[in-house]
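Asks: Provided herewith: start.cif, mmCIF, C-alpha atoms.
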data_work
#
loop_
_atom_site.label_atom_id
_atom_site.label_comp_id
_atom_site.auth_asym_id
_atom_site.auth_seq_id
_atom_site.Cartn_x
_atom_site.Cartn_y
_atom_site.Cartn_z
CA LYS A 1 0.00 0.00 0.00
CA GLU A 2 3.00 2.28 -0.19
CA GLU A 3 3.66 4.08 -3.43
CA LYS A 4 7.29 3.50 -4.31
CA ASP A 5 7.70 5.11 -7.76
CA ALA A 6 6.77 8.72 -8.52
CA THR A 7 3.99 9.07 -11.07
CA GLU A 8 4.76 12.64 -12.12
CA GLY A 9 5.08 13.06 -15.84
CA LEU A 10 3.17 9.93 -16.81
CA GLU A 11 0.54 10.87 -19.36
CA GLY A 12 -2.87 9.51 -20.19
CA GLY A 13 -3.65 8.22 -16.72
CA LEU A 14 -1.10 5.38 -16.93
CA MET A 15 0.76 4.80 -13.69
CA HIS A 16 3.58 2.50 -12.69
CA LEU A 17 3.20 1.64 -9.04
CA GLU A 18 4.86 -0.84 -6.75
CA PHE A 19 3.04 -1.80 -3.57
CA THR A 20 5.72 -2.93 -1.18
CA ASP A 21 3.52 -3.75 1.80
CA LEU A 22 0.67 -5.78 0.27
CA ALA A 23 0.21 -8.66 2.72
CA PHE A 24 -1.50 -11.78 1.42
CA PRO A 25 -3.34 -13.54 4.27
CA ASP A 26 -2.05 -16.88 5.55
CA PRO A 27 -4.52 -19.77 5.23
CA PRO A 28 -5.43 -21.43 8.56
CA GLY A 29 -2.54 -23.56 9.78
CA ILE A 30 -0.21 -22.71 6.89
CA ILE A 31 2.70 -20.29 7.09
CA THR A 32 3.29 -18.39 3.86
CA GLY A 33 4.88 -15.25 5.26
CA HIS A 34 1.97 -13.19 3.85
CA ARG A 35 3.21 -13.70 0.32
CA SER A 36 1.43 -14.89 -2.78
CA THR A 37 2.67 -17.88 -4.75
CA ASP A 38 3.02 -17.34 -8.51
CA LEU A 39 0.60 -14.43 -8.82
CA GLU A 40 -0.06 -14.72 -12.56
CA SER A 41 -3.01 -12.65 -13.77
CA VAL A 42 -5.33 -9.79 -12.87
CA ALA A 43 -8.98 -9.51 -13.91
CA ARG A 44 -11.12 -6.48 -13.21
CA ILE A 45 -14.82 -6.88 -12.51
CA PRO A 46 -16.37 -4.51 -15.10
CA GLY A 47 -17.99 -1.37 -13.75
CA THR A 48 -16.37 -1.70 -10.31
CA ASN A 49 -13.07 -0.94 -8.59
CA LEU A 50 -12.68 -4.62 -7.69
CA VAL A 51 -9.98 -6.73 -9.29
CA LEU A 52 -9.19 -10.43 -8.98
CA LEU A 53 -5.52 -11.15 -8.27
CA CYS A 54 -5.16 -14.73 -9.47
CA GLU A 55 -2.48 -17.27 -8.61
CA SER A 56 -1.67 -19.85 -11.27
CA GLY A 57 -1.15 -22.91 -9.09
CA ASN A 58 2.11 -23.64 -10.88
CA SER A 59 4.10 -23.62 -7.63
CA ALA A 60 1.52 -25.22 -5.37
CA ASP A 61 3.49 -28.46 -5.10
CA LYS A 62 6.75 -26.75 -4.15
CA ALA A 63 8.05 -25.71 -0.76
CA CYS A 64 8.41 -21.99 -0.14
CA ASN A 65 11.78 -20.69 -1.23
CA ALA A 66 11.62 -17.09 -0.08
CA THR A 67 14.79 -15.77 1.53
CA ARG A 68 13.78 -12.28 2.63
CA ALA A 69 13.22 -11.69 6.33
CA ASP A 70 9.77 -10.40 7.24
CA PRO A 71 9.63 -9.15 10.84
CA LYS A 72 6.47 -7.07 10.20
CA HIS A 73 4.00 -9.92 10.27
CA GLY A 74 4.53 -11.66 13.58
CA LEU A 75 7.55 -13.72 12.58
CA PRO A 76 10.07 -14.67 15.31
CA ASP A 77 12.83 -12.11 14.68
CA PRO A 78 14.45 -10.01 11.92
CA THR A 79 16.92 -12.81 11.10
CA TRP A 80 14.12 -15.33 10.45
CA ARG A 81 14.27 -16.99 7.01
CA TYR A 82 12.13 -19.54 5.27
CA ASP A 83 13.79 -22.93 5.17
CA ALA A 84 12.33 -25.48 2.75
CA THR A 85 14.25 -28.27 4.52
CA ALA A 86 12.72 -27.63 7.96
CA SER A 87 10.22 -30.02 9.48
CA LYS A 88 6.64 -28.95 10.09
CA THR A 89 7.36 -28.54 13.79
CA ASP A 90 10.18 -26.10 13.08
CA PRO A 91 9.14 -22.42 13.35
CA THR A 92 10.99 -21.73 10.11
CA PHE A 93 8.84 -24.19 8.15
CA CYS A 94 6.95 -22.79 5.17
CA GLU A 95 4.57 -24.54 2.81
CA THR A 96 2.53 -23.47 -0.20
CA PRO A 97 -1.29 -23.60 -0.04
CA PRO A 98 -3.55 -24.44 -3.00
CA PRO A 99 -3.84 -21.50 -5.44
CA ARG A 100 -6.11 -18.64 -4.51
CA ILE A 101 -7.91 -15.70 -6.07
CA TYR A 102 -7.73 -12.49 -4.04
CA VAL A 103 -10.69 -10.14 -4.45
CA SER A 104 -9.09 -6.73 -4.05
CA GLU A 105 -10.32 -3.15 -3.97
CA VAL A 106 -8.32 -0.51 -5.83
CA THR A 107 -8.62 3.15 -4.87
CA ALA A 108 -7.25 5.98 -6.99
CA GLY A 109 -6.04 9.38 -5.89
CA GLU A 110 -2.78 10.92 -4.80
CA LYS A 111 -1.75 7.70 -3.10
CA PRO A 112 -3.52 4.71 -4.69
CA THR A 113 -4.14 1.62 -2.59
CA VAL A 114 -4.84 -2.06 -3.16
CA THR A 115 -6.69 -3.80 -0.34
CA ILE A 116 -7.43 -7.53 -0.26
CA LYS A 117 -11.08 -8.00 0.78
CA GLN A 118 -11.72 -11.69 0.18
CA GLU A 119 -10.09 -14.99 -0.83
CA ILE A 120 -11.44 -17.68 -3.14
CA TYR A 121 -9.72 -21.02 -3.68
CA TRP A 122 -9.56 -22.39 -7.22
CA THR A 123 -10.49 -25.78 -5.76
CA GLU A 124 -13.94 -24.41 -4.86
CA PHE A 125 -15.03 -24.47 -8.52
CA TYR A 126 -12.09 -25.86 -10.56
CA PRO A 127 -10.43 -28.77 -8.73
CA GLY A 128 -8.43 -29.84 -11.80
CA TRP A 129 -6.22 -26.74 -11.96
CA VAL A 130 -2.67 -27.21 -13.24
CA ASN A 131 -1.20 -23.86 -14.30
CA VAL A 132 -3.80 -21.16 -14.96
CA GLU A 133 -2.16 -18.65 -17.26
CA ALA A 134 -4.96 -16.19 -18.08
CA THR A 135 -8.19 -14.87 -16.52
CA ALA A 136 -10.88 -12.32 -17.36
CA VAL A 137 -14.32 -11.19 -16.19
CA GLY A 138 -17.03 -10.29 -18.69
CA LYS A 139 -20.46 -8.74 -18.22
CA TRP A 140 -23.71 -9.03 -20.10
CA PRO A 141 -26.17 -6.12 -19.91
CA ALA A 142 -29.00 -6.63 -17.44
CA PRO A 143 -31.72 -8.69 -19.15
CA ALA A 144 -34.48 -6.43 -17.81
CA PRO A 145 -34.74 -3.03 -16.10
CA GLY A 146 -33.82 -3.37 -12.45
CA ALA A 147 -32.34 -6.84 -12.90
CA PRO A 148 -28.76 -7.42 -11.69
CA ASP A 149 -25.88 -7.50 -14.13
CA LEU A 150 -24.72 -10.92 -15.24
CA TYR A 151 -21.00 -11.70 -14.95
CA VAL A 152 -18.87 -14.55 -16.24
CA PHE A 153 -15.39 -15.60 -15.12
CA LEU A 154 -13.16 -17.00 -17.86
CA TRP A 155 -9.76 -18.69 -17.56
CA ALA A 156 -7.29 -20.76 -19.56
CA GLU A 157 -4.45 -23.12 -18.73
CA ARG A 158 -0.95 -22.61 -20.08
CA GLU A 159 -0.24 -24.18 -23.50
CA SER A 160 -3.97 -24.73 -24.12
CA THR A 161 -6.55 -23.42 -26.60
CA THR A 162 -9.47 -24.19 -24.28
CA ILE A 163 -11.45 -21.46 -22.52
CA HIS A 164 -13.15 -22.47 -19.27
CA TYR A 165 -15.92 -20.31 -17.83
CA THR A 166 -18.46 -20.18 -15.04
CA ASP A 167 -20.73 -17.74 -13.21
CA LEU A 168 -19.41 -14.87 -11.13
CA VAL A 169 -21.90 -13.26 -8.74
CA LEU A 170 -21.37 -9.89 -7.08
CA ASP A 171 -23.85 -9.28 -4.27
CA ALA A 172 -25.03 -6.00 -2.77
CA ASN A 173 -22.14 -6.04 -0.28
CA ASN A 174 -19.56 -6.50 -3.06
CA THR A 175 -18.92 -10.08 -1.96
CA VAL A 176 -17.84 -12.25 -4.88
CA SER A 177 -18.71 -15.87 -5.49
CA ILE A 178 -17.44 -17.94 -8.42
CA GLY A 179 -19.00 -21.15 -9.69
CA ARG A 180 -22.41 -22.73 -10.14
CA PRO A 181 -24.08 -26.14 -9.93
CA GLY A 182 -22.42 -28.30 -12.52
CA GLY A 183 -19.05 -26.56 -12.13
CA PHE A 184 -18.00 -24.88 -15.36
CA ASP A 185 -18.13 -25.12 -19.15
CA SER A 186 -15.30 -25.31 -21.68
CA LYS A 187 -14.94 -24.44 -25.36
CA SER A 188 -11.88 -24.60 -27.61
CA PHE A 189 -10.57 -22.86 -30.70
CA ALA A 190 -7.87 -23.80 -33.21
CA LEU A 191 -4.91 -21.73 -34.32
CA PRO A 192 -4.57 -21.62 -38.11
CA PRO A 193 -1.17 -22.15 -39.72
CA PRO A 194 1.45 -20.84 -39.38
CA MET A 195 0.46 -19.62 -35.88
CA ASN A 196 -0.16 -23.19 -34.73
CA GLN A 197 3.54 -23.86 -35.38
CA THR A 198 5.08 -20.58 -34.24
CA LEU A 199 3.21 -20.03 -30.95
CA ASN A 200 3.68 -22.61 -28.21
CA ARG A 201 1.55 -20.71 -25.67
CA PRO A 202 -1.80 -20.02 -27.40
CA ILE A 203 -3.32 -18.13 -24.44
CA VAL A 204 -1.13 -16.05 -22.14
CA SER A 205 -3.69 -13.32 -21.42
CA LEU A 206 -7.44 -12.71 -21.74
CA ASP A 207 -9.70 -9.67 -21.72
CA VAL A 208 -13.37 -8.97 -22.40
CA ASP A 209 -14.31 -5.52 -23.66
CA ASP A 210 -17.46 -3.46 -23.08
CA SER A 211 -19.15 -4.88 -26.19
CA GLY A 212 -18.54 -8.46 -25.05
CA GLY A 213 -15.63 -9.22 -27.37
CA ILE A 214 -13.20 -11.82 -25.98
CA TYR A 215 -9.54 -11.17 -26.78
CA ALA A 216 -6.42 -13.23 -26.13
CA ALA A 217 -2.67 -12.94 -26.49
CA ALA A 218 -0.36 -15.77 -27.48
CA ALA A 219 3.40 -16.15 -27.35
CA TYR A 220 6.36 -18.28 -28.36
CA ASP A 221 8.76 -18.67 -25.45
CA THR A 222 11.60 -21.12 -24.96
CA ASP A 223 11.97 -20.06 -21.29
CA GLY A 224 15.24 -18.35 -22.18
CA ASP A 225 15.68 -14.79 -20.94
CA PHE A 226 17.30 -13.73 -24.24
CA GLY A 227 14.53 -15.08 -26.49
CA PRO A 228 13.84 -15.54 -29.30
CA TYR A 229 10.23 -14.41 -28.91
CA ASN A 230 7.18 -14.18 -31.11
CA SER A 231 3.59 -13.24 -30.27
CA ALA A 232 0.10 -12.57 -31.55
CA VAL A 233 -3.02 -10.84 -30.29
CA TYR A 234 -6.42 -11.93 -31.53
CA LYS A 235 -10.18 -11.93 -30.99
CA ILE A 236 -11.43 -15.41 -30.10
CA GLY A 237 -15.09 -14.98 -29.22
CA GLU A 238 -17.84 -12.86 -27.71
CA LEU A 239 -20.53 -12.77 -25.06
CA THR A 240 -23.93 -13.15 -26.73
CA PHE A 241 -27.51 -14.15 -25.99
CA HIS A 242 -29.16 -17.34 -27.16
CA PRO A 243 -31.01 -16.72 -30.45
CA GLU A 244 -34.05 -18.76 -29.38
CA PHE A 245 -34.18 -18.40 -25.60
CA LEU A 246 -34.55 -14.67 -25.02
CA GLY A 247 -32.20 -13.29 -22.38
CA PHE A 248 -30.22 -16.52 -21.98
CA PRO A 249 -26.53 -15.52 -21.93
CA MET A 250 -23.96 -17.47 -23.92
CA VAL A 251 -20.18 -17.55 -24.30
CA GLU A 252 -19.30 -18.01 -27.96
CA ILE A 253 -15.77 -19.13 -28.83
CA TYR A 254 -14.98 -18.97 -32.54
CA PRO A 255 -13.52 -22.03 -34.31
CA GLU A 256 -10.53 -19.82 -35.19
CA PRO A 257 -9.54 -16.23 -34.28
CA THR A 258 -11.32 -13.68 -36.48
CA MET A 259 -8.99 -10.71 -36.00
CA PHE A 260 -5.32 -10.78 -35.25
CA ALA A 261 -2.02 -8.94 -35.20
CA GLU A 262 1.39 -10.58 -35.19
CA VAL A 263 4.02 -9.09 -32.90
CA ASN A 264 7.35 -10.46 -34.06
CA GLY A 265 10.37 -10.34 -31.75
CA PHE A 266 8.39 -9.58 -28.58
CA LYS A 267 6.88 -11.73 -25.83
CA VAL A 268 3.38 -10.41 -25.23
CA GLU A 269 2.08 -11.26 -21.76
CA ALA A 270 -1.00 -9.00 -21.54
CA VAL A 271 -3.87 -7.81 -23.70
CA ALA A 272 -6.34 -5.13 -22.65
CA ARG A 273 -9.21 -3.48 -24.47
CA ALA A 274 -10.02 0.17 -23.81
CA ASP A 275 -12.61 2.65 -25.04
CA LYS A 276 -12.63 6.44 -25.01
CA VAL A 277 -8.85 6.78 -24.64
CA PRO A 278 -7.71 10.45 -24.93
CA VAL A 279 -6.54 10.90 -28.51
CA ASN A 280 -3.72 13.27 -27.51
CA MET A 281 -2.20 10.43 -25.49
CA TYR A 282 -0.51 9.11 -28.63
CA GLU A 283 -0.89 11.81 -31.29
CA ASP A 284 -1.78 15.46 -31.75
CA GLY A 285 -5.39 16.30 -31.08
CA GLU A 286 -7.84 18.05 -28.82
CA ALA A 287 -7.56 17.06 -25.18
CA SER A 288 -11.29 16.36 -25.11
CA ALA A 289 -11.23 14.03 -28.13
CA VAL A 290 -11.45 10.31 -27.38
CA SER A 291 -10.79 7.22 -29.44
CA GLY A 292 -13.01 4.33 -30.36
CA PRO A 293 -12.21 0.83 -29.10
CA MET A 294 -8.48 0.17 -28.86
CA THR A 295 -6.37 -2.88 -28.13
CA PHE A 296 -3.33 -2.54 -25.88
CA LEU A 297 -0.63 -5.12 -25.42
CA GLY A 298 2.00 -5.45 -22.73
CA THR A 299 5.27 -7.29 -23.25
CA ASP A 300 7.61 -9.00 -20.82
CA ASP A 301 10.80 -9.43 -22.79
CA GLU A 302 12.85 -10.58 -19.80
CA ASN A 303 16.40 -9.21 -20.21
CA TYR A 304 15.16 -6.66 -22.77
CA GLY A 305 12.57 -5.05 -20.50
CA GLY A 306 8.97 -4.53 -21.56
CA THR A 307 6.53 -2.06 -23.02
CA LEU A 308 2.84 -1.10 -23.17
CA ARG A 309 1.52 -0.03 -26.56
CA PRO A 310 -1.66 0.11 -28.64
CA ILE A 311 -1.92 -2.09 -31.71
CA ASN A 312 -4.39 -2.44 -34.57
CA LEU A 313 -6.11 -5.76 -35.15
CA THR A 314 -7.00 -6.51 -38.77
CA LEU A 315 -8.78 -9.16 -40.83
CA ALA A 316 -10.76 -11.44 -41.19
CA ASP A 317 -14.02 -9.50 -40.85
CA LEU A 318 -12.21 -6.25 -41.78
CA GLU A 319 -12.99 -4.69 -38.42
CA HIS A 320 -10.35 -2.17 -37.34
CA ASP A 321 -9.60 -0.47 -34.09
CA GLU A 322 -9.63 3.30 -34.08
CA LEU A 323 -6.85 5.49 -32.75
#
Could you quickly redo this structure as structure tokens?
Replies:
Amino acid sequence: KEEKDATEGLEGGLMHLEFTDLAFPDPPGIITGHRSTDLESVARIPGTNLVLLCESGNSADKACNATRADPKHGLPDPTWRYDATASKTDPTFCETPPPRIYVSEVTAGEKPTVTIKQEIYWTEFYPGWVNVEATAVGKWPAPAPGAPDLYVFLWAERESTTIHYTDLVLDANNTVSIGRPGGFDSKSFALPPPMNQTLNRPIVSLDVDDSGGIYAAAAYDTDGDFGPYNSAVYKIGELTFHPEFLGFPMVEIYPEPTMFAEVNGFKVEAVARADKVPVNMYEDGEASAVSGPMTFLGTDDENYGGTLRPINLTLADLEHDEL
């Protein structure tokens, strides 16, 4: 909750912040040192200041390997360290709980904050987790005046082209529940050549825009910090309503992506859709002018750093973003 980097001079409302005192709660009977394990993705609940901070589960079978002392959270003394070789009766023992989703509230202002309000275990609705790489929350418009909004939680495993999804409910107290009777549904898409040969991670990020479009990023990564890298961003589906059963929401995943952009030489790790972005953020124009829908990508190029930039998606339905 402490702002580490100054935000002066950053344009367009983009801020780079590090929160150095964000304590993740320990599960009952498990010592984690108030740290998350493989925090992989972030999904905002549309129309709210709530975000889901999602662990992947990739490290859930490993002992903790943190080495930084943490005297602030009730640990024995400032020289205390995690020791993966300790027995469970040793006060230095640390183990990793099943992966969690942290429902967090974000506040803006001079000193932004992130506050964890609630925890949800993946095992509550998705017991077969392996390594969840991407998550997103979408929203259908209310089916009738006064009816609550309908939300869906989507996720994908690493190295998979399958989208899983289930209900997300936000009650009047902003308490979140994920899941429904029957668990979840799954639908898959196929990457056309040559992308099916050049991208070994078909879904590394997901986002759902205000119109219900479902977007994904893909990457080629050999796990080497010097690359080589290759990526793509594409539209893979949309939130719709059943054509025969009025008001029945559906998640449609296309057989193949309908719009795409290749990003050669970079490892894209995030895709985000935005509307009404100030035009003068990237080019000359009136401060009050805003763009149409835009697609942003974020890269994590390891030893080469990273970047956030807008990109145009083109083909196959000839739909274009507007900058």
Asks: Just the number, please: distance in Å from atom CA of Glu262 of chain A to atom CA of Ser231 of chain A, one decimal.
Replies: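 A separation of 6.0 Å between them.
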Asks: Go ahead and compute the interatomic distance for atom CA of Met195 of chain A and atom CA of Val251 of chain A, in Å to one decimal.
Replies: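 The value is 23.8 Å.
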Asks: With all atoms listed in the file as the counted atoms, please give the residues lying no more than 6 Å from segment 294-303 of chain A, apart from itself and same-chain residues fewer than 4 positions off, as a VMD selection string.
Replies: chain A and resid 225 267 to 274 307 to 311 321
Asks: May I have the protein, DNA and RNA residues with any atom at most 9 Å from the point (-4.2, -17.9, -10.2), counting only C-alpha atoms, written as a list in words?
Replies: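 So the residues meeting the distance criterion are Thr37, Asp38, Leu39, Glu40, Ser41, Val42, Leu53, Cys54, Glu55, Ser56, Gly57, Asn58, Pro99, Arg100, Ile101, Tyr102, Trp122, Asn131, Val132, Glu133, Ala134 and Thr135 of chain A.
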Asks: Could you state the separation of atom CA of Thr175 of chain A and atom CA of Asn49 of chain A in Å, given to one decimal place?
Replies: 12.7 Å
Asks: When you count all atoms listed in the file, which of these residues is closest to Ala156 of chain A: A:Val208, A:Ala136, A:Ala142, A:Leu170?
Replies: A:Ala136
Asks: Evaluated on this file, the PyMOL selection byres ((chain A and resi 44) around 10) picks out some residues - which ones are they, written as a PyMOL selection string?
Replies: chain A and resi 42-43+45-53+103-106+135-138+207-208
Asks: Counting only C-alpha atoms, find the residues whose atoms lie at most 10 Å from (-2.5, -13.5, -31.9) (file coordinates) and write them out as a list in words.
Replies: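 Those within range, by chain then number, are Leu191, Met195, Leu199, Pro202, Ile203, Tyr215, Ala216, Ala217, Ala218, Ala219, Asn230, Ser231, Ala232, Val233, Tyr234, Lys235, Ile236, Pro257, Thr258, Met259, Phe260, Ala261, Glu262, Val263, Val268 and Leu313 of chain A.
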Asks: Using the chain letters and numbers from the file, give me the residues hit by the PyMOL selection byres ((chain A and resi 184) around 9), as a compact mmCIF listing (two decimals) with C-alpha atoms, keeping the file's coordinate frame.
Replies:
# COMPACT_ATOMS: atom_id res chain seq x y z
CA PHE A 125 -15.03 -24.47 -8.52
CA TYR A 126 -12.09 -25.86 -10.56
CA HIS A 164 -13.15 -22.47 -19.27
CA TYR A 165 -15.92 -20.31 -17.83
CA THR A 166 -18.46 -20.18 -15.04
CA ASP A 167 -20.73 -17.74 -13.21
CA GLY A 179 -19.00 -21.15 -9.69
CA ARG A 180 -22.41 -22.73 -10.14
CA PRO A 181 -24.08 -26.14 -9.93
CA GLY A 182 -22.42 -28.30 -12.52
CA GLY A 183 -19.05 -26.56 -12.13
CA ASP A 185 -18.13 -25.12 -19.15
CA SER A 186 -15.30 -25.31 -21.68
Asks: Exactly which residues make up the result of the PyMOL selection byres ((chain A and resi 279) around 6) on this file, given as an MDAnalysis selection string?
Replies: chainID A and resid 278 280:281 289:291
Asks: Print the selection's residues with C-alpha atoms to a file, as a compact mmCIF listing (two decimals), in the coordinates of the input.
Replies:
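The resulting file, result-v6.txt, is shown below:
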# COMPACT_ATOMS: atom_id res chain seq x y z
CA PRO A 278 -7.71 10.45 -24.93
CA ASN A 280 -3.72 13.27 -27.51
CA MET A 281 -2.20 10.43 -25.49
CA ALA A 289 -11.23 14.03 -28.13
CA VAL A 290 -11.45 10.31 -27.38
CA SER A 291 -10.79 7.22 -29.44
Asks: For segment 205-210 of chain A, I'd like the enclosing box, axis-aligned and padded by 5 Å on every side, reported as lines of an AutoDock Vina configuration file with centre and edge lengths in Å to one decimal.
Replies:
center_x = -10.6
center_y = -8.4
center_z = -22.5
size_x = 23.8
size_y = 19.9
size_z = 12.2
Asks: Using all atoms listed in the file, can you tell me which of A:Ile120, A:Ala147, A:Ile163, A:Ile253 comes closest to Ile178 of chain A?
Replies: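 Of A:Ile120, A:Ala147, A:Ile163, A:Ile253, the one nearest Ile178 of chain A is A:Ile120, counting all atoms listed in the file.
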